[in-house]
>>> print(open('structure16.txt').read())   # compact mmCIF, C-alpha atoms and all ligand atoms
# COMPACT_ATOMS: atom_id res chain seq x y z
CA MET K 25 115.58 -21.44 135.94
CA SER K 26 117.84 -20.86 138.90
CA GLN K 27 119.24 -18.24 141.23
CA ASN K 28 122.80 -17.14 141.94
CA VAL K 29 124.03 -17.90 145.44
CA LEU K 30 127.29 -17.14 147.25
CA GLY K 31 129.00 -19.78 149.36
CA TYR K 32 132.42 -21.08 150.39
CA ALA K 33 133.83 -24.08 148.57
CA ALA K 34 136.87 -26.34 148.47
CA THR K 35 138.13 -26.85 144.92
CA ALA K 36 140.81 -29.51 145.59
CA PRO K 37 141.90 -31.68 148.54
CA ALA K 38 144.68 -29.30 149.54
CA SER K 39 142.85 -26.04 148.80
CA ASP K 40 141.52 -23.71 151.46
CA LEU K 41 137.81 -22.99 151.33
CA ALA K 42 137.22 -19.77 149.38
CA PRO K 43 134.26 -17.70 148.12
CA PHE K 44 132.34 -19.49 145.39
CA GLY K 45 129.30 -18.46 143.34
CA PHE K 46 126.88 -21.16 142.22
CA GLN K 47 123.23 -21.79 141.32
CA ARG K 48 120.29 -22.94 143.42
CA ARG K 49 117.20 -24.20 141.63
CA ASP K 50 113.98 -22.20 141.68
CA PRO K 51 111.54 -23.94 144.00
CA ARG K 52 109.66 -26.96 142.76
CA PRO K 53 106.08 -27.34 144.07
CA ASP K 54 107.23 -29.26 147.19
CA ASP K 55 110.30 -27.08 147.89
CA VAL K 56 111.06 -24.72 150.74
CA VAL K 57 113.53 -21.86 150.14
CA ILE K 58 115.59 -21.19 153.26
CA GLU K 59 117.70 -18.15 154.02
CA ILE K 60 120.61 -19.65 155.97
CA LEU K 61 121.38 -17.91 159.27
CA TYR K 62 123.83 -20.37 160.85
CA CYS K 63 125.66 -23.52 159.85
CA GLY K 64 127.55 -25.86 162.17
CA VAL K 65 131.01 -27.15 161.23
CA CYS K 66 131.12 -30.97 161.35
CA HIS K 67 134.31 -33.02 161.07
CA SER K 68 132.63 -34.64 158.05
CA ASP K 69 132.83 -31.24 156.32
CA LEU K 70 136.60 -31.35 156.81
CA HIS K 71 136.87 -35.01 155.71
CA THR K 72 134.89 -34.14 152.58
CA ALA K 73 136.77 -30.92 151.75
CA ARG K 74 140.06 -32.88 152.00
CA ASN K 75 138.71 -35.97 150.20
CA ASP K 76 139.59 -38.25 153.16
CA TRP K 77 136.93 -40.72 152.02
CA GLY K 78 137.88 -40.65 148.33
CA TRP K 79 134.43 -39.73 146.98
CA THR K 80 134.45 -35.91 146.98
CA THR K 81 133.35 -34.09 143.83
CA TYR K 82 134.85 -30.59 143.46
CA PRO K 83 134.02 -27.81 143.90
CA ILE K 84 132.21 -28.72 147.11
CA VAL K 85 130.32 -26.39 149.45
CA PRO K 86 130.21 -28.26 152.79
CA GLY K 87 127.73 -27.75 155.63
CA HIS K 88 124.90 -29.98 156.90
CA GLU K 89 123.94 -28.39 160.19
CA ILE K 90 121.80 -25.71 158.60
CA ILE K 91 119.55 -23.30 160.48
CA GLY K 92 117.53 -20.64 158.74
CA ARG K 93 114.26 -18.92 158.06
CA VAL K 94 111.86 -19.86 155.32
CA SER K 95 111.84 -17.12 152.68
CA ALA K 96 109.49 -18.74 150.12
CA VAL K 97 107.61 -21.99 149.54
CA GLY K 98 106.49 -23.92 146.46
CA SER K 99 102.81 -24.17 145.55
CA ALA K 100 102.28 -27.63 147.11
CA VAL K 101 104.03 -26.97 150.44
CA THR K 102 101.65 -27.38 153.37
CA ARG K 103 103.78 -27.55 156.52
CA PHE K 104 105.91 -24.39 156.25
CA LYS K 105 105.42 -20.71 155.51
CA ALA K 106 107.68 -17.68 155.11
CA GLY K 107 109.30 -16.70 158.40
CA ASP K 108 109.35 -20.19 159.99
CA ARG K 109 112.49 -21.24 161.93
CA VAL K 110 113.76 -24.37 160.23
CA GLY K 111 116.70 -26.72 159.96
CA VAL K 112 118.23 -29.06 157.39
CA GLY K 113 120.61 -31.86 158.32
CA CYS K 114 122.63 -34.33 156.26
CA LEU K 115 119.81 -35.47 153.96
CA VAL K 116 117.74 -33.54 151.40
CA ASP K 117 115.94 -36.39 149.63
CA SER K 118 115.43 -40.16 149.41
CA CYS K 119 113.40 -42.58 147.25
CA HIS K 120 110.32 -42.48 149.57
CA THR K 121 109.28 -46.05 148.69
CA CYS K 122 111.90 -48.54 149.94
CA PRO K 123 111.63 -50.35 153.30
CA ALA K 124 114.14 -47.92 154.88
CA CYS K 125 112.09 -44.90 153.79
CA GLU K 126 108.84 -46.53 154.83
CA SER K 127 110.23 -47.16 158.30
CA GLY K 128 111.46 -43.56 158.64
CA GLU K 129 115.15 -44.49 158.29
CA GLU K 130 115.85 -42.51 155.13
CA GLN K 131 119.55 -42.50 155.98
CA TYR K 132 119.66 -46.19 155.05
CA CYS K 133 117.88 -45.70 151.70
CA ASP K 134 120.00 -46.58 148.64
CA GLY K 135 118.60 -43.43 147.02
CA ALA K 136 119.28 -41.11 149.95
CA THR K 137 120.59 -37.73 148.74
CA TYR K 138 123.17 -36.07 150.94
CA THR K 139 122.96 -32.33 151.52
CA TYR K 140 126.30 -31.81 149.79
CA GLY K 141 128.06 -33.96 147.23
CA GLY K 142 124.82 -35.88 146.54
CA THR K 143 123.10 -36.23 143.18
CA ASP K 144 119.62 -34.72 142.85
CA ARG K 145 117.39 -37.53 141.59
CA HIS K 146 115.30 -35.17 139.41
CA ASP K 147 117.84 -32.97 137.58
CA HIS K 148 121.03 -34.98 138.40
CA SER K 149 122.83 -31.86 139.66
CA ILE K 150 125.33 -32.20 142.51
CA THR K 151 123.99 -30.88 145.80
CA GLN K 152 125.83 -28.11 147.68
CA GLY K 153 125.70 -27.52 151.41
CA GLY K 154 125.05 -24.91 154.02
CA TYR K 155 128.20 -22.76 153.93
CA SER K 156 126.09 -20.50 151.72
CA GLU K 157 123.34 -17.88 151.63
CA LYS K 158 120.36 -20.08 150.93
CA VAL K 159 119.24 -23.61 150.25
CA VAL K 160 116.24 -25.11 148.45
CA VAL K 161 114.95 -28.35 149.97
CA SER K 162 111.89 -30.57 149.61
CA GLU K 163 109.61 -29.96 152.62
CA ALA K 164 109.77 -33.62 153.66
CA PHE K 165 113.43 -33.04 154.64
CA VAL K 166 112.93 -29.73 156.46
CA LEU K 167 112.90 -29.80 160.27
CA ARG K 168 111.03 -27.46 162.60
CA ILE K 169 113.14 -25.73 165.28
CA PRO K 170 111.28 -25.43 168.61
CA ASP K 171 110.85 -21.85 169.85
CA ALA K 172 112.67 -22.69 173.09
CA LEU K 173 115.94 -23.36 171.27
CA ASP K 174 118.56 -20.71 170.53
CA LEU K 175 119.17 -20.85 166.78
CA GLN K 176 122.98 -20.81 166.92
CA ALA K 177 123.16 -23.54 169.53
CA ALA K 178 120.53 -25.65 167.78
CA ALA K 179 122.48 -25.97 164.53
CA PRO K 180 124.71 -28.89 165.66
CA LEU K 181 121.66 -30.92 166.67
CA LEU K 182 121.07 -31.50 162.96
CA CYS K 183 124.13 -33.74 162.64
CA ALA K 184 126.15 -34.11 165.86
CA GLY K 185 122.93 -34.35 167.85
CA ILE K 186 121.03 -36.85 165.73
CA THR K 187 124.13 -38.99 165.05
CA THR K 188 124.52 -39.66 168.76
CA TRP K 189 120.79 -39.68 169.61
CA SER K 190 120.01 -42.43 167.09
CA PRO K 191 122.34 -45.08 168.60
CA LEU K 192 121.39 -44.00 172.14
CA ARG K 193 117.75 -44.71 171.27
CA HIS K 194 118.42 -47.82 169.17
CA TRP K 195 120.44 -49.46 171.97
CA LYS K 196 117.97 -48.16 174.59
CA ALA K 197 120.15 -45.92 176.74
CA GLY K 198 118.27 -44.85 179.85
CA PRO K 199 118.01 -45.33 183.60
CA GLY K 200 120.00 -48.37 184.67
CA THR K 201 122.21 -48.44 181.56
CA ARG K 202 125.88 -47.53 181.46
CA VAL K 203 126.98 -45.54 178.44
CA ALA K 204 130.50 -44.44 177.48
CA VAL K 205 131.54 -41.98 174.82
CA VAL K 206 134.95 -42.00 173.11
CA GLY K 207 136.25 -38.53 172.14
CA LEU K 208 135.07 -35.16 173.39
CA GLY K 209 134.42 -33.14 170.25
CA GLY K 210 131.23 -32.10 168.48
CA LEU K 211 129.56 -35.52 168.50
CA GLY K 212 131.06 -36.47 171.85
CA HIS K 213 129.74 -33.48 173.74
CA MET K 214 126.23 -34.01 172.38
CA ALA K 215 126.44 -37.70 173.30
CA LEU K 216 127.29 -36.77 176.90
CA LYS K 217 124.38 -34.32 177.15
CA LEU K 218 121.84 -36.62 175.51
CA ALA K 219 122.86 -39.79 177.37
CA LYS K 220 122.63 -37.88 180.65
CA ALA K 221 119.22 -36.43 179.76
CA LEU K 222 117.98 -39.96 178.95
CA GLY K 223 118.96 -41.02 182.47
CA ALA K 224 122.00 -43.20 181.73
CA ASP K 225 125.18 -43.41 183.78
CA VAL K 226 127.73 -41.63 181.55
CA THR K 227 131.50 -41.98 181.16
CA LEU K 228 133.87 -40.17 178.79
CA PHE K 229 136.95 -41.81 177.30
CA THR K 230 139.37 -39.11 176.18
CA ARG K 231 143.03 -38.85 175.14
CA SER K 232 143.13 -35.21 176.14
CA GLN K 233 144.17 -34.12 179.59
CA GLY K 234 142.35 -30.92 180.51
CA LYS K 235 138.85 -31.82 179.31
CA GLU K 236 137.79 -33.22 182.72
CA GLN K 237 135.88 -30.21 184.05
CA ASP K 238 134.07 -29.66 180.78
CA ALA K 239 133.13 -33.33 180.56
CA LEU K 240 131.62 -33.31 184.02
CA ARG K 241 129.72 -30.10 183.26
CA LEU K 242 128.42 -31.58 179.99
CA GLY K 243 126.97 -34.66 181.70
CA ALA K 244 129.72 -37.20 182.33
CA ASP K 245 129.67 -38.92 185.71
CA ARG K 246 133.38 -39.73 185.32
CA ILE K 247 136.16 -39.56 182.77
CA VAL K 248 138.72 -42.20 181.82
CA LEU K 249 142.02 -41.22 180.25
CA SER K 250 142.27 -43.76 177.43
CA THR K 251 146.06 -43.47 177.40
CA ASP K 252 146.28 -44.75 181.01
CA PRO K 253 146.13 -48.59 181.20
CA ALA K 254 145.29 -48.51 184.92
CA GLN K 255 142.25 -46.29 184.32
CA MET K 256 141.17 -48.53 181.43
CA ALA K 257 141.50 -51.66 183.59
CA ALA K 258 139.37 -50.05 186.29
CA VAL K 259 136.32 -49.95 183.98
CA ALA K 260 136.56 -53.55 182.72
CA GLY K 261 133.16 -55.15 182.07
CA ARG K 262 131.30 -51.93 182.77
CA PHE K 263 129.48 -50.55 179.70
CA ASP K 264 126.31 -51.61 177.92
CA LEU K 265 127.02 -49.16 175.11
CA ILE K 266 130.14 -47.36 173.93
CA ILE K 267 129.71 -44.66 171.26
CA ASP K 268 133.03 -44.12 169.50
CA THR K 269 133.30 -40.73 167.76
CA VAL K 270 137.03 -40.80 166.89
CA PRO K 271 137.50 -39.54 163.29
CA TYR K 272 140.74 -41.32 162.37
CA VAL K 273 142.10 -44.87 162.40
CA HIS K 274 142.56 -46.07 165.95
CA ASP K 275 142.80 -49.28 167.94
CA LEU K 276 139.45 -50.60 169.20
CA ASN K 277 141.01 -53.45 171.18
CA PRO K 278 141.56 -51.40 174.38
CA TYR K 279 137.81 -50.62 174.55
CA MET K 280 136.46 -54.14 174.11
CA PRO K 281 137.25 -55.29 177.68
CA ALA K 282 135.30 -52.27 178.96
CA LEU K 283 132.06 -53.63 177.48
CA ALA K 284 129.73 -55.61 179.72
CA THR K 285 128.46 -59.03 178.57
CA SER K 286 126.28 -58.45 175.46
CA GLY K 287 127.51 -54.86 175.26
CA THR K 288 127.94 -52.98 171.98
CA LEU K 289 130.59 -50.59 170.72
CA VAL K 290 129.06 -48.36 168.03
CA LEU K 291 131.34 -46.64 165.56
CA VAL K 292 130.03 -43.30 164.34
CA GLY K 293 133.35 -41.64 163.45
CA TYR K 294 136.05 -43.48 161.57
CA LEU K 295 135.24 -45.03 158.18
CA GLY K 296 137.58 -47.65 156.77
CA ALA K 297 139.71 -50.65 157.64
CA LEU K 298 140.61 -51.04 161.30
CA ASP K 299 144.27 -51.18 162.22
CA PRO K 300 145.44 -53.26 164.05
CA PHE K 301 143.03 -56.14 163.60
CA LEU K 302 140.20 -56.50 166.07
CA ASN K 303 140.74 -59.35 168.54
CA SER K 304 137.57 -61.45 168.48
CA THR K 305 138.27 -63.27 171.75
CA PRO K 306 136.60 -60.82 174.17
CA MET K 307 133.68 -60.52 171.74
CA VAL K 308 133.09 -64.27 171.50
CA LEU K 309 133.59 -64.97 175.20
CA ARG K 310 131.06 -62.32 176.28
CA ARG K 311 128.74 -61.90 173.26
CA LYS K 312 130.03 -58.39 172.57
CA SER K 313 129.31 -56.50 169.34
CA VAL K 314 130.95 -53.86 167.22
CA ALA K 315 128.38 -51.92 165.20
CA GLY K 316 128.10 -48.76 163.12
CA SER K 317 125.43 -46.09 162.88
CA LEU K 318 124.68 -43.32 160.37
CA ILE K 319 122.98 -40.02 161.36
CA GLY K 320 119.21 -40.61 161.81
CA GLY K 321 115.93 -40.40 159.91
CA ILE K 322 113.81 -37.28 159.54
CA LYS K 323 111.13 -38.35 162.05
CA GLU K 324 113.80 -39.25 164.60
CA THR K 325 115.58 -35.92 164.00
CA GLN K 326 112.35 -34.02 164.70
CA GLU K 327 111.89 -36.12 167.86
CA LEU K 328 115.40 -35.14 168.95
CA LEU K 329 114.75 -31.44 168.27
CA ASP K 330 111.50 -31.58 170.24
CA PHE K 331 113.22 -33.46 173.11
CA CYS K 332 115.95 -30.80 173.18
CA GLY K 333 113.34 -28.03 173.17
CA GLU K 334 111.56 -29.63 176.13
CA HIS K 335 114.75 -30.35 178.10
CA GLY K 336 116.65 -27.15 177.26
CA ILE K 337 119.46 -29.03 175.52
CA ALA K 338 121.61 -27.55 172.76
CA SER K 339 125.22 -27.46 171.69
CA ASP K 340 128.08 -25.50 173.28
CA VAL K 341 129.16 -23.39 170.34
CA GLU K 342 131.89 -21.01 169.23
CA VAL K 343 130.36 -18.71 166.65
CA ILE K 344 132.74 -17.79 163.82
CA ARG K 345 132.73 -15.76 160.61
CA ILE K 346 132.85 -17.67 157.33
CA GLN K 347 136.20 -15.99 156.65
CA ASP K 348 137.61 -17.94 159.64
CA ILE K 349 136.58 -21.38 158.37
CA ASN K 350 140.08 -22.52 157.36
CA HIS K 351 141.44 -21.58 160.78
CA ALA K 352 138.52 -23.45 162.37
CA PHE K 353 139.36 -26.59 160.33
CA GLY K 354 142.94 -26.34 161.62
CA ARG K 355 141.75 -26.15 165.21
CA MET K 356 139.39 -29.08 164.66
CA LEU K 357 142.32 -31.20 163.50
CA LYS K 358 144.02 -30.44 166.83
CA SER K 359 140.87 -31.44 168.81
CA ASP K 360 140.65 -27.80 169.91
CA VAL K 361 136.94 -27.09 169.57
CA LYS K 362 134.65 -26.18 172.45
CA TYR K 363 132.61 -27.95 171.32
CA ARG K 364 131.23 -27.01 167.92
CA PHE K 365 132.04 -24.16 165.55
CA VAL K 366 128.95 -22.51 164.10
CA ILE K 367 129.25 -20.07 161.21
CA ASP K 368 127.22 -16.86 161.41
CA MET K 369 126.20 -16.67 157.77
CA ALA K 370 125.60 -12.92 157.93
CA SER K 371 129.42 -12.71 157.64
CA LEU K 372 129.16 -13.91 154.02
CA LYS K 373 127.92 -10.45 153.06
CA ALA K 374 130.56 -8.61 155.12
P1 LIG E 1 135.52 -33.50 166.35
O1 LIG E 1 134.68 -32.39 166.87
O2 LIG E 1 136.82 -33.18 165.68
O3 LIG E 1 135.77 -34.50 167.59
C1 LIG E 1 136.48 -35.71 167.48
C2 LIG E 1 137.13 -36.07 168.82
O4 LIG E 1 137.75 -37.34 168.68
C3 LIG E 1 138.23 -35.12 169.25
O5 LIG E 1 137.76 -34.01 169.97
C4 LIG E 1 139.11 -36.02 170.11
O6 LIG E 1 138.56 -36.14 171.42
C5 LIG E 1 138.96 -37.37 169.44
N1 LIG E 1 140.07 -37.62 168.47
C6 LIG E 1 140.41 -36.87 167.40
N2 LIG E 1 141.41 -37.45 166.72
C7 LIG E 1 141.72 -38.57 167.35
C8 LIG E 1 142.66 -39.62 167.14
N3 LIG E 1 143.50 -39.57 166.10
N4 LIG E 1 142.67 -40.65 167.99
C9 LIG E 1 141.84 -40.68 169.05
N5 LIG E 1 140.92 -39.72 169.31
C10 LIG E 1 140.85 -38.70 168.47
O7 LIG E 1 134.70 -34.36 165.29
P2 LIG E 1 133.11 -34.59 165.17
O8 LIG E 1 132.52 -33.51 164.34
O9 LIG E 1 132.57 -34.90 166.51
O10 LIG E 1 133.07 -35.90 164.25
C11 LIG E 1 133.64 -37.10 164.71
C12 LIG E 1 133.61 -38.12 163.60
O11 LIG E 1 132.26 -38.52 163.35
C13 LIG E 1 134.14 -37.64 162.25
O12 LIG E 1 134.87 -38.70 161.65
C14 LIG E 1 132.89 -37.37 161.45
O13 LIG E 1 133.09 -37.48 160.06
C15 LIG E 1 132.01 -38.47 161.95
N6 LIG E 1 130.57 -38.29 161.77
C16 LIG E 1 129.82 -39.39 161.53
C17 LIG E 1 128.46 -39.30 161.41
C18 LIG E 1 127.63 -40.52 161.21
O14 LIG E 1 126.50 -40.41 160.77
N7 LIG E 1 128.13 -41.70 161.56
C19 LIG E 1 127.85 -38.06 161.52
C20 LIG E 1 128.64 -36.94 161.81
C21 LIG E 1 130.00 -37.06 161.93
P3 LIG E 1 139.50 -36.19 172.74
O15 LIG E 1 140.36 -34.94 172.66
O16 LIG E 1 138.53 -36.17 173.83
O17 LIG E 1 140.29 -37.46 172.67
ZN ZN E 2 128.05 -34.07 160.22
ZN ZN E 3 114.25 -45.19 150.08
>>> encode(input="structure16.txt", output="structure tokens")
Amino acid sequence: MSQNVLGYAATAPASDLAPFGFQRRDPRPDDVVIEILYCGVCHSDLHTARNDWGWTTYPIVPGHEIIGRVSAVGSAVTRFKAGDRVGVGCLVDSCHTCPACESGEEQYCDGATYTYGGTDRHDHSITQGGYSEKVVVSEAFVLRIPDALDLQAAAPLLCAGITTWSPLRHWKAGPGTRVAVVGLGGLGHMALKLAKALGADVTLFTRSQGKEQDALRLGADRIVLSTDPAQMAAVAGRFDLIIDTVPYVHDLNPYMPALATSGTLVLVGYLGALDPFLNSTPMVLRRKSVAGSLIGGIKETQELLDFCGEHGIASDVEVIRIQDINHAFGRMLKSDVKYRFVIDMASLKA
């Protein structure tokens, strides 16, 4: 049993996204059926549509910053009812029993099921994402959206928000710590807002002239043009934590001197081999680390949403129609997003 759903899919690495009809399962006892109102556009959607990581299965409906209203619930659902404002991020399932799941870090479960391009562990179907009318998700992976948050602006919290919140919390950003963010895009602008709200001293590294005023408004105390060696030298030894959101291969070596002793540079963007090689000398001489971090668990995502509700934090969004998604991808490739596209899913029916 299943229901027909309309979405937008990529069918090959070089294809534009185009209308695509597919099936969603009828709800299982623990499932929540969500009518999708908005979906954020993450750079991971673009990487996946273009098969940048080499693991895309086609056709693929991207979208993992999903905001909607509950339209129906399965018989065993206890936490949600029709009409509730809810969100779904990058995960729709996990094994529930491994140490990662037991510690609330489902993103590090070997059986974690991604919202799109994942394999459902019950019926082995390939999951499809939020550039679509509705989604059916186990209630354990459904987030509650605080009433104080605007629904459009809340969508990016479900990936860009949690992906920057998790390392900020893990490496204990707060008063007295110095945090830097590399790249002012979707993740970067949330990192600035969240680091500031946690009480850290915040710096933006950017390649782009012209983002200064926005960066200061979003929470940066200063910006550093990463293309200017004098500006880079001026922040030597400064940062406890650098969150690097750059999506493509880039040189980490210029950032390592900017870390303080015992500081950590966390990669959340680029996946793959670094080029050129990373010079270990500044790391060894000052106990510096390079780390990675993947989204966040469900409990931590709800904590982020509640924190944002209490502190009035959400994303700066440009709302688009689904018909404009290919143009939006093109602008994202030029780092021309202020600072997250969010699709108004009502446009699907236009
Ligand atoms: P985005 O909105 O396109 O922002 C990326 C920013 O990086 C750009 O605005 C630009 O900032 C900078 N940049 C872009 N290309 C660059 C290059 N070639 N060299 C140096 N800087 C460059 O992307 P996003 O949605 O924030 O996603 C960023 C990355 O994080 C993507 O790779 C995405 O797949 C990944 N991601 C990872 C996770 C995770 O769990 N780890 C979760 C979500 C997304 P400036 O103009 O300021 O330089
Ligand atoms: Zn994402
Ligand atoms: Zn698990």
>>> closest_atom_pairs(input="structure16.txt", of="chain K", to="ligand ZN 2 (chain E)", cutoff="9 Å", atoms="all atoms listed in the file", output="CSV")
residue,atom,partner,partner_atom,distance
K:Gly64,CA,E:ZN2,ZN,8.5
K:Val65,CA,E:ZN2,ZN,7.6
K:Cys66,CA,E:ZN2,ZN,4.5
K:His67,CA,E:ZN2,ZN,6.4
K:Ser68,CA,E:ZN2,ZN,5.1
K:Asp69,CA,E:ZN2,ZN,6.8
K:Gly87,CA,E:ZN2,ZN,7.8
K:His88,CA,E:ZN2,ZN,6.1
K:Glu89,CA,E:ZN2,ZN,7.0
K:Gly113,CA,E:ZN2,ZN,8.0
K:Cys114,CA,E:ZN2,ZN,6.7
K:Pro180,CA,E:ZN2,ZN,8.2
K:Leu182,CA,E:ZN2,ZN,7.9
K:Cys183,CA,E:ZN2,ZN,4.6
K:Ala184,CA,E:ZN2,ZN,6.0
K:Thr187,CA,E:ZN2,ZN,7.9
K:Leu211,CA,E:ZN2,ZN,8.5
K:Ile319,CA,E:ZN2,ZN,7.9
>>> closest_atom_pairs(input="structure16.txt", of="chain K", to="ligand ZN 3 (chain E)", cutoff="8 Å", atoms="only C-alpha atoms and all ligand atoms", output="JSON lines")
{"residue": "K:Ser118", "atom": "CA", "partner": "E:ZN3", "partner_atom": "ZN", "distance": 5.2}
{"residue": "K:Cys119", "atom": "CA", "partner": "E:ZN3", "partner_atom": "ZN", "distance": 3.9}
{"residue": "K:His120", "atom": "CA", "partner": "E:ZN3", "partner_atom": "ZN", "distance": 4.8}
{"residue": "K:Thr121", "atom": "CA", "partner": "E:ZN3", "partner_atom": "ZN", "distance": 5.2}
{"residue": "K:Cys122", "atom": "CA", "partner": "E:ZN3", "partner_atom": "ZN", "distance": 4.1}
{"residue": "K:Pro123", "atom": "CA", "partner": "E:ZN3", "partner_atom": "ZN", "distance": 6.6}
{"residue": "K:Ala124", "atom": "CA", "partner": "E:ZN3", "partner_atom": "ZN", "distance": 5.5}
{"residue": "K:Cys125", "atom": "CA", "partner": "E:ZN3", "partner_atom": "ZN", "distance": 4.3}
{"residue": "K:Glu126", "atom": "CA", "partner": "E:ZN3", "partner_atom": "ZN", "distance": 7.3}
{"residue": "K:Glu130", "atom": "CA", "partner": "E:ZN3", "partner_atom": "ZN", "distance": 5.9}
{"residue": "K:Tyr132", "atom": "CA", "partner": "E:ZN3", "partner_atom": "ZN", "distance": 7.4}
{"residue": "K:Cys133", "atom": "CA", "partner": "E:ZN3", "partner_atom": "ZN", "distance": 4.0}
{"residue": "K:Asp134", "atom": "CA", "partner": "E:ZN3", "partner_atom": "ZN", "distance": 6.1}
{"residue": "K:Gly135", "atom": "CA", "partner": "E:ZN3", "partner_atom": "ZN", "distance": 5.6}
{"residue": "K:Ala136", "atom": "CA", "partner": "E:ZN3", "partner_atom": "ZN", "distance": 6.5}
>>> atom_distance(input="structure16.txt", atom1="atom CA of K:Glu59", atom2="atom CA of K:Met369")
9.4 Å
>>> residues_around(input="structure16.txt", residues="K:Leu216", least_positions_apart="4", cutoff="8 Å", atoms="all atoms listed in the file", output="number ranges by chain")
K: 205, 212, 220, 226-228, 239, 242-244
>>> closest_atom_pairs(input="structure16.txt", of="chain K", to="ligand LIG 1 (chain E)", cutoff="8 Å", atoms="all atoms listed in the file", output="Markdown table")
| residue | atom | partner | partner_atom | distance |
| --- | --- | --- | --- | --- |
| K:Val65 | CA | E:LIG1 | O8 | 7.2 |
| K:Cys66 | CA | E:LIG1 | O8 | 4.2 |
| K:His67 | CA | E:LIG1 | O8 | 3.8 |
| K:Ser68 | CA | E:LIG1 | O13 | 3.5 |
| K:Asp69 | CA | E:LIG1 | O13 | 7.3 |
| K:Leu70 | CA | E:LIG1 | O13 | 7.8 |
| K:His71 | CA | E:LIG1 | O13 | 6.3 |
| K:Cys183 | CA | E:LIG1 | C20 | 5.6 |
| K:Ala184 | CA | E:LIG1 | C20 | 5.5 |
| K:Thr187 | CA | E:LIG1 | O14 | 5.1 |
| K:Val206 | CA | E:LIG1 | O16 | 6.9 |
| K:Gly207 | CA | E:LIG1 | O6 | 3.4 |
| K:Leu208 | CA | E:LIG1 | O16 | 3.6 |
| K:Gly209 | CA | E:LIG1 | O3 | 3.3 |
| K:Gly210 | CA | E:LIG1 | O9 | 3.7 |
| K:Leu211 | CA | E:LIG1 | O9 | 3.7 |
| K:Gly212 | CA | E:LIG1 | O9 | 5.8 |
| K:His213 | CA | E:LIG1 | O9 | 7.9 |
| K:Leu228 | CA | E:LIG1 | O16 | 7.9 |
| K:Phe229 | CA | E:LIG1 | O16 | 6.8 |
| K:Thr230 | CA | E:LIG1 | O16 | 3.9 |
| K:Arg231 | CA | E:LIG1 | O17 | 3.9 |
| K:Ser232 | CA | E:LIG1 | O15 | 4.5 |
| K:Gln233 | CA | E:LIG1 | O15 | 8.0 |
| K:Lys235 | CA | E:LIG1 | O16 | 7.0 |
| K:Thr269 | CA | E:LIG1 | C11 | 4.8 |
| K:Val270 | CA | E:LIG1 | O4 | 4.0 |
| K:Pro271 | CA | E:LIG1 | O12 | 3.2 |
| K:Tyr272 | CA | E:LIG1 | N3 | 5.0 |
| K:Val273 | CA | E:LIG1 | N3 | 6.6 |
| K:His274 | CA | E:LIG1 | N4 | 5.8 |
| K:Leu291 | CA | E:LIG1 | N7 | 7.1 |
| K:Val292 | CA | E:LIG1 | N7 | 3.7 |
| K:Gly293 | CA | E:LIG1 | O11 | 3.3 |
| K:Tyr294 | CA | E:LIG1 | O12 | 4.9 |
| K:Leu295 | CA | E:LIG1 | O12 | 7.2 |
| K:Gly316 | CA | E:LIG1 | N7 | 7.2 |
| K:Ser317 | CA | E:LIG1 | N7 | 5.3 |
| K:Leu318 | CA | E:LIG1 | O14 | 3.5 |
| K:Ile319 | CA | E:LIG1 | O14 | 3.6 |
| K:Gly320 | CA | E:LIG1 | O14 | 7.4 |
| K:Met356 | CA | E:LIG1 | O2 | 4.9 |
| K:Leu357 | CA | E:LIG1 | O2 | 6.2 |
| K:Lys358 | CA | E:LIG1 | C6 | 7.4 |
| K:Ser359 | CA | E:LIG1 | O5 | 4.2 |
| K:Asp360 | CA | E:LIG1 | O5 | 6.8 |
| K:Val361 | CA | E:LIG1 | O1 | 6.4 |
| K:Tyr363 | CA | E:LIG1 | O1 | 6.6 |
| K:Arg364 | CA | E:LIG1 | O1 | 6.5 |
>>> decode(input="structure16.txt", residues="stretch 315-320 of chain K", atoms="N, CA, C and O atoms", output="PDB file, in the first residue's frame")
ATOM      1  N   ALA K 315      39.611  17.872  12.996  1.00  0.00           N
ATOM      2  CA  ALA K 315      38.544  16.915  13.288  1.00  0.00           C
ATOM      3  C   ALA K 315      37.451  17.053  12.237  1.00  0.00           C
ATOM      4  O   ALA K 315      37.502  17.936  11.375  1.00  0.00           O
ATOM      5  N   GLY K 316      36.477  16.168  12.301  1.00  0.00           N
ATOM      6  CA  GLY K 316      35.293  16.275  11.455  1.00  0.00           C
ATOM      7  C   GLY K 316      34.055  16.158  12.327  1.00  0.00           C
ATOM      8  O   GLY K 316      34.141  15.736  13.492  1.00  0.00           O
ATOM      9  N   SER K 317      32.907  16.535  11.793  1.00  0.00           N
ATOM     10  CA  SER K 317      31.670  16.419  12.559  1.00  0.00           C
ATOM     11  C   SER K 317      30.499  16.291  11.590  1.00  0.00           C
ATOM     12  O   SER K 317      30.473  16.961  10.555  1.00  0.00           O
ATOM     13  N   LEU K 318      29.562  15.400  11.938  1.00  0.00           N
ATOM     14  CA  LEU K 318      28.412  15.122  11.075  1.00  0.00           C
ATOM     15  C   LEU K 318      27.114  15.530  11.783  1.00  0.00           C
ATOM     16  O   LEU K 318      26.871  15.074  12.916  1.00  0.00           O
ATOM     17  N   ILE K 319      26.334  16.347  11.159  1.00  0.00           N
ATOM     18  CA  ILE K 319      25.025  16.848  11.658  1.00  0.00           C
ATOM     19  C   ILE K 319      24.933  16.781  13.180  1.00  0.00           C
ATOM     20  O   ILE K 319      25.817  17.294  13.870  1.00  0.00           O
ATOM     21  N   GLY K 320      23.891  16.135  13.735  1.00  0.00           N
ATOM     22  CA  GLY K 320      23.749  15.984  15.179  1.00  0.00           C
ATOM     23  C   GLY K 320      22.644  14.971  15.428  1.00  0.00           C
ATOM     24  O   GLY K 320      21.888  14.629  14.508  1.00  0.00           O
TER      25      GLY K 320
END
